[in-house]
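Below is the file model01.txt, which contains compact mmCIF, C-alpha atoms.
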```
# COMPACT_ATOMS: atom_id res chain seq x y z
CA MET E 1 12.71 4.17 19.89
CA LEU E 2 13.32 6.54 17.02
CA PRO E 3 11.27 9.74 16.79
CA VAL E 4 7.94 9.03 15.14
CA ALA E 5 8.66 11.75 12.55
CA TYR E 6 11.16 9.42 10.81
CA TYR E 7 8.46 6.87 10.13
CA ILE E 8 5.96 9.51 9.02
CA GLY E 9 8.57 10.92 6.63
CA LEU E 10 9.21 7.49 5.14
CA SER E 11 5.46 7.01 4.82
CA ALA E 12 5.19 10.32 2.94
CA VAL E 13 7.97 9.28 0.54
CA LEU E 14 6.33 5.91 -0.19
CA PHE E 15 2.94 7.60 -0.66
CA THR E 16 4.43 10.05 -3.17
CA ILE E 17 6.05 7.22 -5.15
CA GLY E 18 2.68 5.46 -5.24
CA ALA E 19 0.90 8.61 -6.43
CA LEU E 20 3.55 9.09 -9.16
CA GLY E 21 2.99 5.48 -10.22
CA VAL E 22 -0.75 6.08 -10.60
CA LEU E 23 -0.11 9.17 -12.73
CA ILE E 24 2.82 7.99 -14.89
CA ARG E 25 2.19 4.33 -15.70
CA ARG E 26 -0.23 3.23 -18.43
CA ASN E 27 -0.56 -0.44 -17.46
CA SER E 28 -3.69 -0.70 -15.32
CA ILE E 29 -2.27 -3.58 -13.22
CA VAL E 30 0.79 -1.49 -12.31
CA ILE E 31 -1.52 1.45 -11.51
CA PHE E 32 -3.40 -0.87 -9.20
CA MET E 33 -0.16 -1.96 -7.51
CA SER E 34 0.71 1.71 -6.96
CA VAL E 35 -2.63 2.17 -5.17
CA GLU E 36 -1.65 -0.75 -2.92
CA LEU E 37 1.65 0.99 -2.21
CA MET E 38 -0.21 4.16 -1.16
CA LEU E 39 -2.47 2.14 1.17
CA ASN E 40 0.63 0.55 2.62
CA ALA E 41 2.24 3.94 3.26
CA ALA E 42 -0.90 5.06 5.11
CA ASN E 43 -0.78 1.84 7.18
CA LEU E 44 2.81 2.57 8.14
CA ALA E 45 1.81 6.01 9.40
CA PHE E 46 -1.07 4.46 11.39
CA VAL E 47 1.20 1.93 13.08
CA ALA E 48 3.83 4.58 13.84
CA PHE E 49 1.23 6.82 15.50
CA ALA E 50 -0.25 3.84 17.37
CA ARG E 51 3.20 3.17 18.78
CA ALA E 52 3.82 6.81 19.63
CA TYR E 53 0.50 7.34 21.41
CA GLU E 54 0.42 3.81 22.90
CA SER E 55 -3.07 3.33 21.51
CA MET E 56 -4.11 0.03 20.00
CA SER E 57 -6.82 1.64 17.83
CA GLY E 58 -4.28 2.50 15.13
CA GLN E 59 -3.30 -1.13 14.73
CA ILE E 60 -6.95 -2.19 14.60
CA PHE E 61 -7.57 0.36 11.87
CA VAL E 62 -4.67 -1.07 9.87
CA PHE E 63 -6.32 -4.46 10.21
CA PHE E 64 -9.51 -3.08 8.67
CA VAL E 65 -7.60 -1.27 5.92
CA MET E 66 -5.96 -4.58 4.98
CA THR E 67 -9.39 -6.24 4.78
CA VAL E 68 -10.71 -3.49 2.53
CA ALA E 69 -7.57 -3.73 0.38
CA ALA E 70 -8.10 -7.47 -0.06
CA ALA E 71 -11.73 -6.94 -1.10
CA GLU E 72 -10.69 -4.11 -3.43
CA VAL E 73 -8.02 -6.26 -5.10
CA ALA E 74 -10.47 -9.12 -5.69
CA VAL E 75 -13.06 -6.83 -7.35
CA GLY E 76 -10.48 -4.69 -9.16
CA LEU E 77 -8.64 -7.59 -10.73
CA ALA E 78 -11.98 -9.11 -11.78
CA LEU E 79 -12.80 -5.79 -13.47
CA ILE E 80 -9.40 -5.78 -15.22
CA VAL E 81 -9.97 -9.34 -16.47
CA ALA E 82 -13.43 -8.36 -17.74
CA ILE E 83 -12.02 -5.30 -19.53
CA PHE E 84 -9.28 -7.45 -21.08
CA HIS E 85 -11.88 -9.86 -22.41
CA SER E 86 -13.82 -7.10 -24.13
CA LYS E 87 -10.91 -4.91 -25.39
CA GLN E 88 -7.95 -7.35 -25.55
CA SER E 89 -5.88 -4.73 -23.71
CA ILE E 90 -5.47 -3.35 -20.20
CA ASP E 91 -3.80 -0.15 -21.33
CA VAL E 92 -5.61 2.77 -19.66
CA ASP E 93 -5.27 4.87 -22.84
CA GLN E 94 -7.39 2.31 -24.70
CA MET E 95 -10.30 2.71 -22.26
CA ASN E 96 -11.84 5.66 -24.08
CA THR E 97 -15.13 4.24 -25.34
CA MET E 98 -17.13 6.97 -23.59
CA LYS E 99 -14.85 9.79 -24.74
CA GLY E 100 -16.86 12.56 -26.38
CA MET M 1 21.60 1.25 21.26
CA MET M 2 20.05 4.31 19.68
CA THR M 3 22.54 4.30 16.84
CA ASN M 4 21.94 0.60 16.13
CA GLU M 5 18.25 1.31 15.70
CA LEU M 6 18.99 4.31 13.52
CA ILE M 7 21.29 2.29 11.25
CA LEU M 8 18.69 -0.47 10.97
CA PHE M 9 16.01 2.10 10.14
CA LEU M 10 18.15 3.77 7.47
CA ILE M 11 19.05 0.49 5.76
CA LEU M 12 15.43 -0.68 5.77
CA ALA M 13 14.18 2.71 4.57
CA LEU M 14 16.70 2.58 1.71
CA VAL M 15 15.46 -0.89 0.71
CA ALA M 16 11.82 0.24 0.93
CA VAL M 17 12.32 3.38 -1.18
CA VAL M 18 14.52 1.65 -3.77
CA SER M 19 12.04 -1.21 -4.17
CA ALA M 20 9.16 1.26 -4.52
CA LEU M 21 11.13 3.15 -7.20
CA GLY M 22 11.92 -0.17 -8.87
CA MET M 23 8.20 -0.88 -9.05
CA LEU M 24 7.61 2.58 -10.50
CA PHE M 25 10.23 2.28 -13.26
CA SER M 26 10.38 -1.41 -14.20
CA ARG M 27 9.11 -2.00 -17.74
CA ASN M 28 7.87 -5.52 -17.00
CA ALA M 29 4.79 -5.85 -14.78
CA VAL M 30 6.11 -9.10 -13.25
CA TYR M 31 9.24 -7.32 -12.03
CA ALA M 32 7.06 -4.52 -10.67
CA ALA M 33 5.05 -7.08 -8.68
CA LEU M 34 8.23 -8.71 -7.31
CA PHE M 35 9.61 -5.30 -6.28
CA LEU M 36 6.32 -4.58 -4.51
CA ILE M 37 6.59 -7.89 -2.60
CA LEU M 38 10.06 -6.81 -1.41
CA ASN M 39 8.60 -3.47 -0.35
CA PHE M 40 5.80 -5.15 1.61
CA GLY M 41 8.32 -7.41 3.35
CA THR M 42 10.40 -4.40 4.37
CA VAL M 43 7.35 -2.60 5.72
CA ALA M 44 6.52 -5.76 7.72
CA VAL M 45 9.93 -5.44 9.41
CA PHE M 46 9.07 -1.80 10.21
CA TYR M 47 5.87 -3.03 11.88
CA LEU M 48 7.96 -5.41 14.00
CA LEU M 49 10.17 -2.46 15.01
CA LEU M 50 7.02 -0.55 15.99
CA ASN M 51 5.74 -3.24 18.40
CA ALA M 52 3.08 -4.56 16.03
CA PRO M 53 3.93 -8.25 15.50
CA PHE M 54 0.35 -9.22 14.65
CA ILE M 55 0.08 -6.55 11.96
CA ALA M 56 3.53 -7.53 10.63
CA LEU M 57 2.56 -11.17 10.16
CA THR M 58 -0.81 -10.19 8.69
CA GLN M 59 1.09 -8.00 6.26
CA VAL M 60 3.26 -10.93 5.16
CA THR M 61 0.41 -13.41 4.79
CA VAL M 62 -2.32 -11.14 3.38
CA TYR M 63 -0.35 -8.62 1.33
CA ALA M 64 2.90 -10.31 0.32
CA GLY M 65 1.19 -13.70 0.21
CA ALA M 66 -2.40 -13.64 -0.95
CA ILE M 67 -2.78 -10.27 -2.70
CA MET M 68 0.49 -10.34 -4.62
CA VAL M 69 -0.03 -13.96 -5.71
CA LEU M 70 -3.37 -12.82 -7.12
CA PHE M 71 -1.63 -9.95 -8.95
CA LEU M 72 1.06 -12.24 -10.42
CA PHE M 73 -1.58 -14.75 -11.41
CA VAL M 74 -3.63 -12.14 -13.29
CA ILE M 75 -0.53 -10.68 -14.99
CA MET M 76 0.47 -14.11 -16.25
CA LEU M 77 -3.11 -15.10 -17.12
CA LEU M 78 -3.59 -12.02 -19.30
CA GLY M 79 -0.03 -12.00 -20.67
CA ALA M 80 0.08 -8.34 -19.73
CA GLU M 81 3.78 -8.07 -18.80
CA GLN M 82 4.56 -5.54 -21.52
CA SER M 83 1.23 -3.73 -21.65
CA GLY M 84 0.97 0.04 -21.36
CA ARG M 85 3.59 1.06 -23.91
CA THR M 86 1.47 3.60 -25.77
CA PRO M 87 3.22 6.95 -26.03
CA ALA M 88 1.91 9.23 -23.32
CA VAL M 89 0.96 12.85 -23.82
CA ARG M 90 4.19 14.85 -24.05
CA TRP M 91 3.50 17.18 -21.12
CA LEU M 92 2.34 14.35 -18.83
CA ARG M 93 5.69 13.31 -17.36
CA PRO M 94 7.10 16.75 -16.38
CA VAL M 95 3.75 17.84 -14.94
CA THR M 96 3.43 14.61 -12.97
CA ILE M 97 6.94 14.76 -11.57
CA SER M 98 6.56 18.40 -10.52
CA LEU M 99 3.20 17.62 -8.85
CA GLY M 100 4.80 14.71 -7.01
CA ALA M 101 7.69 16.93 -5.90
CA ILE M 102 5.20 19.52 -4.61
CA LEU M 103 3.28 16.83 -2.68
CA LEU M 104 6.46 15.49 -1.10
CA ALA M 105 7.77 18.98 -0.28
CA GLU M 106 4.46 19.88 1.41
CA ALA M 107 4.48 16.66 3.45
CA ILE M 108 8.09 17.11 4.57
CA TYR M 109 7.47 20.78 5.39
CA ILE M 110 4.43 19.95 7.53
CA ILE M 111 6.21 17.11 9.34
CA TYR M 112 9.23 19.34 9.95
CA THR M 113 7.30 22.33 11.27
CA GLN M 114 4.83 20.27 13.33
CA ARG M 115 7.38 17.87 14.79
CA SER M 116 7.17 19.51 18.22
CA LEU M 117 3.48 18.49 18.35
CA LEU M 118 4.37 14.85 17.80
CA PRO M 119 4.62 12.88 21.03
CA ALA M 120 8.05 12.46 22.54
CA LYS M 121 9.22 8.91 22.94
CA LEU M 122 7.30 7.04 25.60
CA ALA M 123 8.09 4.09 27.77
CA THR M 124 6.37 1.02 26.39
CA SER M 125 4.47 -1.37 28.55
CA ALA M 126 5.46 -4.97 27.86
CA SER M 127 1.98 -5.96 26.71
CA PHE M 128 1.59 -3.21 24.10
CA GLY M 129 0.87 -4.59 20.65
CA THR M 130 0.91 -8.27 21.49
CA PRO M 131 -1.57 -10.44 19.57
CA ASN M 132 -3.37 -10.90 22.89
CA SER M 133 -4.14 -7.21 23.24
CA VAL M 134 -5.09 -6.95 19.55
CA GLY M 135 -7.62 -9.73 19.99
CA GLU M 136 -8.95 -8.27 23.20
CA ILE M 137 -9.68 -4.83 21.72
CA LEU M 138 -10.88 -6.28 18.39
CA PHE M 139 -13.51 -8.50 19.97
CA ASN M 140 -14.71 -6.02 22.56
CA GLN M 141 -14.52 -2.42 21.40
CA TYR M 142 -14.51 -3.14 17.64
CA LEU M 143 -16.79 -6.17 17.46
CA LEU M 144 -19.42 -4.58 15.19
CA PRO M 145 -16.93 -3.29 12.55
CA PHE M 146 -15.27 -6.70 12.63
CA GLU M 147 -18.56 -8.40 11.81
CA VAL M 148 -19.40 -5.85 9.11
CA THR M 149 -16.02 -6.72 7.53
CA SER M 150 -17.29 -10.23 6.86
CA VAL M 151 -20.21 -8.79 4.87
CA LEU M 152 -17.73 -6.68 2.89
CA LEU M 153 -15.65 -9.75 2.03
CA LEU M 154 -18.77 -11.66 1.01
CA VAL M 155 -19.82 -8.80 -1.30
CA ALA M 156 -16.33 -8.70 -2.82
CA MET M 157 -16.41 -12.45 -3.42
CA ILE M 158 -19.80 -12.30 -5.12
CA GLY M 159 -18.71 -9.27 -7.13
CA ALA M 160 -15.57 -11.00 -8.40
CA ILE M 161 -17.54 -14.09 -9.42
CA VAL M 162 -20.25 -12.07 -11.21
CA LEU M 163 -17.73 -9.86 -13.05
CA THR M 164 -15.67 -12.75 -14.43
CA LYS M 165 -18.60 -15.02 -15.26
CA PRO M 166 -18.77 -15.58 -19.04
CA ARG M 167 -21.83 -13.99 -20.62
CA THR M 168 -24.34 -16.59 -21.71
```
Before anything else, please render the file you have as structure tokens.
Amino acid sequence: MLPVAYYIGLSAVLFTIGALGVLIRRNSIVIFMSVELMLNAANLAFVAFARAYESMSGQIFVFFVMTVAAAEVAVGLALIVAIFHSKQSIDVDQMNTMKG
Amino acid sequence: MMTNELILFLILALVAVVSALGMLFSRNAVYAALFLILNFGTVAVFYLLLNAPFIALTQVTVYAGAIMVLFLFVIMLLGAEQSGRTPAVRWLRPVTISLGAILLAEAIYIIYTQRSLLPAKLATSASFGTPNSVGEILFNQYLLPFEVTSVLLLVAMIGAIVLTKPRT
């Protein structure tokens, strides 16, 4: 087995790309996909540590993270659809109704 | 043996990082979603390498299957492939990229300096990570969180229905 640090390093790279996606992109669906990428990077770190410490709890936690991600996607996409119906756009720069 | 695994890891890591960058830079949201599916598939192979077959198959069915189909469906429903083209604030991109570089540098520095604290490679018992052992620990030690999860999914379902219901 490879040293666990390789997997953690890959997880850090994927997490950074996801964070950049949240900050750079203006399309709220792509921002949402970047959040999923960050969750996925965290899951990879969990599974790598579970393997390294021979503890099943890490894998169980990934299972719960996936459940939360599924719930989050259902509610988030419903929110995006509702915003699109009221503003005809899902551009995050257009969501400034409460701007002072 | 060791080098085979290293080569496999490097190829898969390359695919994962390139597909993540493809998602970050593709102009069309549909292409971004397809790149993300490729990324999730690659990460599923990493899970298989890490003795987590159950998690790997859950990844393929839940993430690459259900969640990404939902994303593609919403993108096509809203016709939002090209959305998000408004010119950003001029200083946004350099600031963002430097913040991302700082985050990555910090992470790599910490992993590099703390690598002696990480466990050395261990011998694996044959039963580690099998679906059997996942089920055993999930329904004994983690039974209550597992049941609470069903309430969470119910709330999400009701929330999605209420949010998309047309106002009457």
- prompt: Near chain M, which residues of chain E fall within 7 Å when you count only C-alpha atoms, and what do they look like as an NGL selection string?
  reply: :E and (1 or 3 or 5 or 9-10 or 12-14 or 16-17 or 20-21 or 23-24 or 26-27 or 30 or 47-48 or 51-53 or 56 or 59-60 or 63 or 70-71 or 74-75 or 78-79 or 81-82 or 90-91)
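Distances to Ser57 (chain E) were evaluated for M:Glu136, M:Ala56, M:Val151, M:Arg167 using only C-alpha atoms, and the minimum falls at M:Glu136.
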message: Can you measure CA of Leu144 (chain M) to CA of Glu36 (chain E) for me? One decimal in Å is fine.
response: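 Atom-to-atom, CA of Leu144 (chain M) to CA of Glu36 (chain E), that is 25.7 Å.
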query: Nearest to Leu143 (chain M) among E:Gly18, E:Ser34, E:Phe64, E:Lys99, with distances taken over only C-alpha atoms: which residue is it?
result: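 Distance minimum relative to Leu143 (chain M) lands on E:Phe64.
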message: I'd like the interatomic distance between CA of Ile7 (chain M) and CA of Tyr7 (chain E), to a tenth of an Å.
response: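 Going from CA of Ile7 (chain M) over to CA of Tyr7 (chain E), I get 13.7 Å.
The space separating CA of Val4 (chain E) from CA of Leu48 (chain M) comes to 14.5 Å.
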- prompt: Which of these residues is nearest to Asn43 (chain E), using all atoms listed in the file: E:Ile31, E:Val62, E:Ala69, E:Leu2?
  reply: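 Looking at the shortest contact to Asn43 (chain E), the residue is E:Val62.
Proximity ranking of E:Thr97, E:Phe15, E:Leu44, E:Val92 relative to Ile80 (chain E) places E:Val92 first, based on only C-alpha atoms.
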Would you kindly place all heavy atoms on region 108-119 of chain M and return the model as an mmCIF file, in the frame of the given file?
```cif
data_model
loop_
_atom_site.group_PDB
_atom_site.id
_atom_site.type_symbol
_atom_site.label_atom_id
_atom_site.label_comp_id
_atom_site.auth_asym_id
_atom_site.auth_seq_id
_atom_site.Cartn_x
_atom_site.Cartn_y
_atom_site.Cartn_z
ATOM 1 N N ILE M 108 6.872 16.969 3.754
ATOM 2 C CA ILE M 108 8.090 17.110 4.570
ATOM 3 C C ILE M 108 8.035 18.422 5.347
ATOM 4 O O ILE M 108 8.394 18.476 6.531
ATOM 5 C CB ILE M 108 9.333 17.069 3.652
ATOM 6 C CG1 ILE M 108 9.420 15.728 2.932
ATOM 7 C CG2 ILE M 108 10.598 17.309 4.460
ATOM 8 C CD1 ILE M 108 9.695 14.541 3.792
ATOM 9 N N TYR M 109 7.551 19.495 4.705
ATOM 10 C CA TYR M 109 7.470 20.780 5.390
ATOM 11 C C TYR M 109 6.552 20.693 6.607
ATOM 12 O O TYR M 109 6.886 21.159 7.703
ATOM 13 C CB TYR M 109 6.961 21.842 4.408
ATOM 14 C CG TYR M 109 6.675 23.179 5.058
ATOM 15 C CD1 TYR M 109 7.719 24.031 5.409
ATOM 16 C CD2 TYR M 109 5.370 23.576 5.332
ATOM 17 C CE1 TYR M 109 7.467 25.235 6.011
ATOM 18 C CE2 TYR M 109 5.101 24.782 5.941
ATOM 19 C CZ TYR M 109 6.155 25.606 6.278
ATOM 20 O OH TYR M 109 5.905 26.801 6.894
ATOM 21 N N ILE M 110 5.385 20.038 6.415
ATOM 22 C CA ILE M 110 4.430 19.950 7.530
ATOM 23 C C ILE M 110 5.011 19.099 8.647
ATOM 24 O O ILE M 110 4.945 19.464 9.833
ATOM 25 C CB ILE M 110 3.093 19.370 7.021
ATOM 26 C CG1 ILE M 110 2.390 20.401 6.158
ATOM 27 C CG2 ILE M 110 2.203 18.973 8.181
ATOM 28 C CD1 ILE M 110 1.196 19.884 5.434
ATOM 29 N N ILE M 111 5.640 17.960 8.290
ATOM 30 C CA ILE M 111 6.210 17.110 9.340
ATOM 31 C C ILE M 111 7.312 17.873 10.079
ATOM 32 O O ILE M 111 7.416 17.809 11.304
ATOM 33 C CB ILE M 111 6.775 15.814 8.721
ATOM 34 C CG1 ILE M 111 5.640 14.966 8.155
ATOM 35 C CG2 ILE M 111 7.553 15.014 9.755
ATOM 36 C CD1 ILE M 111 6.108 13.881 7.242
ATOM 37 N N TYR M 112 8.108 18.643 9.319
ATOM 38 C CA TYR M 112 9.230 19.340 9.950
ATOM 39 C C TYR M 112 8.744 20.443 10.890
ATOM 40 O O TYR M 112 9.231 20.584 12.009
ATOM 41 C CB TYR M 112 10.146 19.914 8.876
ATOM 42 C CG TYR M 112 11.399 20.527 9.449
ATOM 43 C CD1 TYR M 112 12.415 19.711 9.936
ATOM 44 C CD2 TYR M 112 11.555 21.902 9.517
ATOM 45 C CE1 TYR M 112 13.542 20.251 10.486
ATOM 46 C CE2 TYR M 112 12.689 22.452 10.066
ATOM 47 C CZ TYR M 112 13.684 21.627 10.551
ATOM 48 O OH TYR M 112 14.798 22.169 11.116
ATOM 49 N N THR M 113 7.741 21.217 10.438
ATOM 50 C CA THR M 113 7.300 22.330 11.270
ATOM 51 C C THR M 113 6.426 21.878 12.436
ATOM 52 O O THR M 113 6.373 22.554 13.463
ATOM 53 C CB THR M 113 6.515 23.366 10.442
ATOM 54 O OG1 THR M 113 5.502 22.670 9.720
ATOM 55 C CG2 THR M 113 7.414 24.091 9.480
ATOM 56 N N GLN M 114 5.731 20.733 12.274
ATOM 57 C CA GLN M 114 4.830 20.270 13.330
ATOM 58 C C GLN M 114 5.483 19.232 14.233
ATOM 59 O O GLN M 114 4.806 18.605 15.037
ATOM 60 C CB GLN M 114 3.571 19.637 12.733
ATOM 61 C CG GLN M 114 2.878 20.471 11.696
ATOM 62 C CD GLN M 114 1.999 21.529 12.315
ATOM 63 O OE1 GLN M 114 1.207 21.223 13.173
ATOM 64 N NE2 GLN M 114 2.162 22.760 11.896
ATOM 65 N N ARG M 115 6.785 19.003 14.088
ATOM 66 C CA ARG M 115 7.380 17.870 14.790
ATOM 67 C C ARG M 115 7.350 18.049 16.305
ATOM 68 O O ARG M 115 7.370 17.064 17.049
ATOM 69 C CB ARG M 115 8.813 17.633 14.332
ATOM 70 C CG ARG M 115 9.801 18.715 14.731
ATOM 71 C CD ARG M 115 11.118 18.490 14.027
ATOM 72 N NE ARG M 115 12.125 19.420 14.495
ATOM 73 C CZ ARG M 115 12.157 20.712 14.212
ATOM 74 N NH1 ARG M 115 11.198 21.230 13.456
ATOM 75 N NH2 ARG M 115 13.102 21.491 14.674
ATOM 76 N N SER M 116 7.235 19.313 16.761
ATOM 77 C CA SER M 116 7.170 19.510 18.220
ATOM 78 C C SER M 116 5.823 19.035 18.770
ATOM 79 O O SER M 116 5.708 18.731 19.952
ATOM 80 C CB SER M 116 7.384 20.980 18.543
ATOM 81 O OG SER M 116 6.424 21.744 17.859
ATOM 82 N N LEU M 117 4.789 18.964 17.903
ATOM 83 C CA LEU M 117 3.480 18.490 18.350
ATOM 84 C C LEU M 117 3.431 16.976 18.454
ATOM 85 O O LEU M 117 2.561 16.428 19.125
ATOM 86 C CB LEU M 117 2.385 18.962 17.394
ATOM 87 C CG LEU M 117 2.198 20.464 17.287
ATOM 88 C CD1 LEU M 117 1.075 20.774 16.311
ATOM 89 C CD2 LEU M 117 1.871 21.050 18.635
ATOM 90 N N LEU M 118 4.359 16.303 17.737
ATOM 91 C CA LEU M 118 4.370 14.850 17.800
ATOM 92 C C LEU M 118 4.811 14.426 19.192
ATOM 93 O O LEU M 118 5.605 15.106 19.826
ATOM 94 C CB LEU M 118 5.326 14.278 16.746
ATOM 95 C CG LEU M 118 4.876 14.486 15.313
ATOM 96 C CD1 LEU M 118 5.973 14.096 14.349
ATOM 97 C CD2 LEU M 118 3.631 13.688 15.025
ATOM 98 N N PRO M 119 4.280 13.287 19.668
ATOM 99 C CA PRO M 119 4.620 12.880 21.030
ATOM 100 C C PRO M 119 6.100 12.532 21.141
ATOM 101 O O PRO M 119 6.686 11.968 20.227
ATOM 102 C CB PRO M 119 3.749 11.639 21.246
ATOM 103 C CG PRO M 119 3.425 11.165 19.903
ATOM 104 C CD PRO M 119 3.372 12.358 19.025
#
```
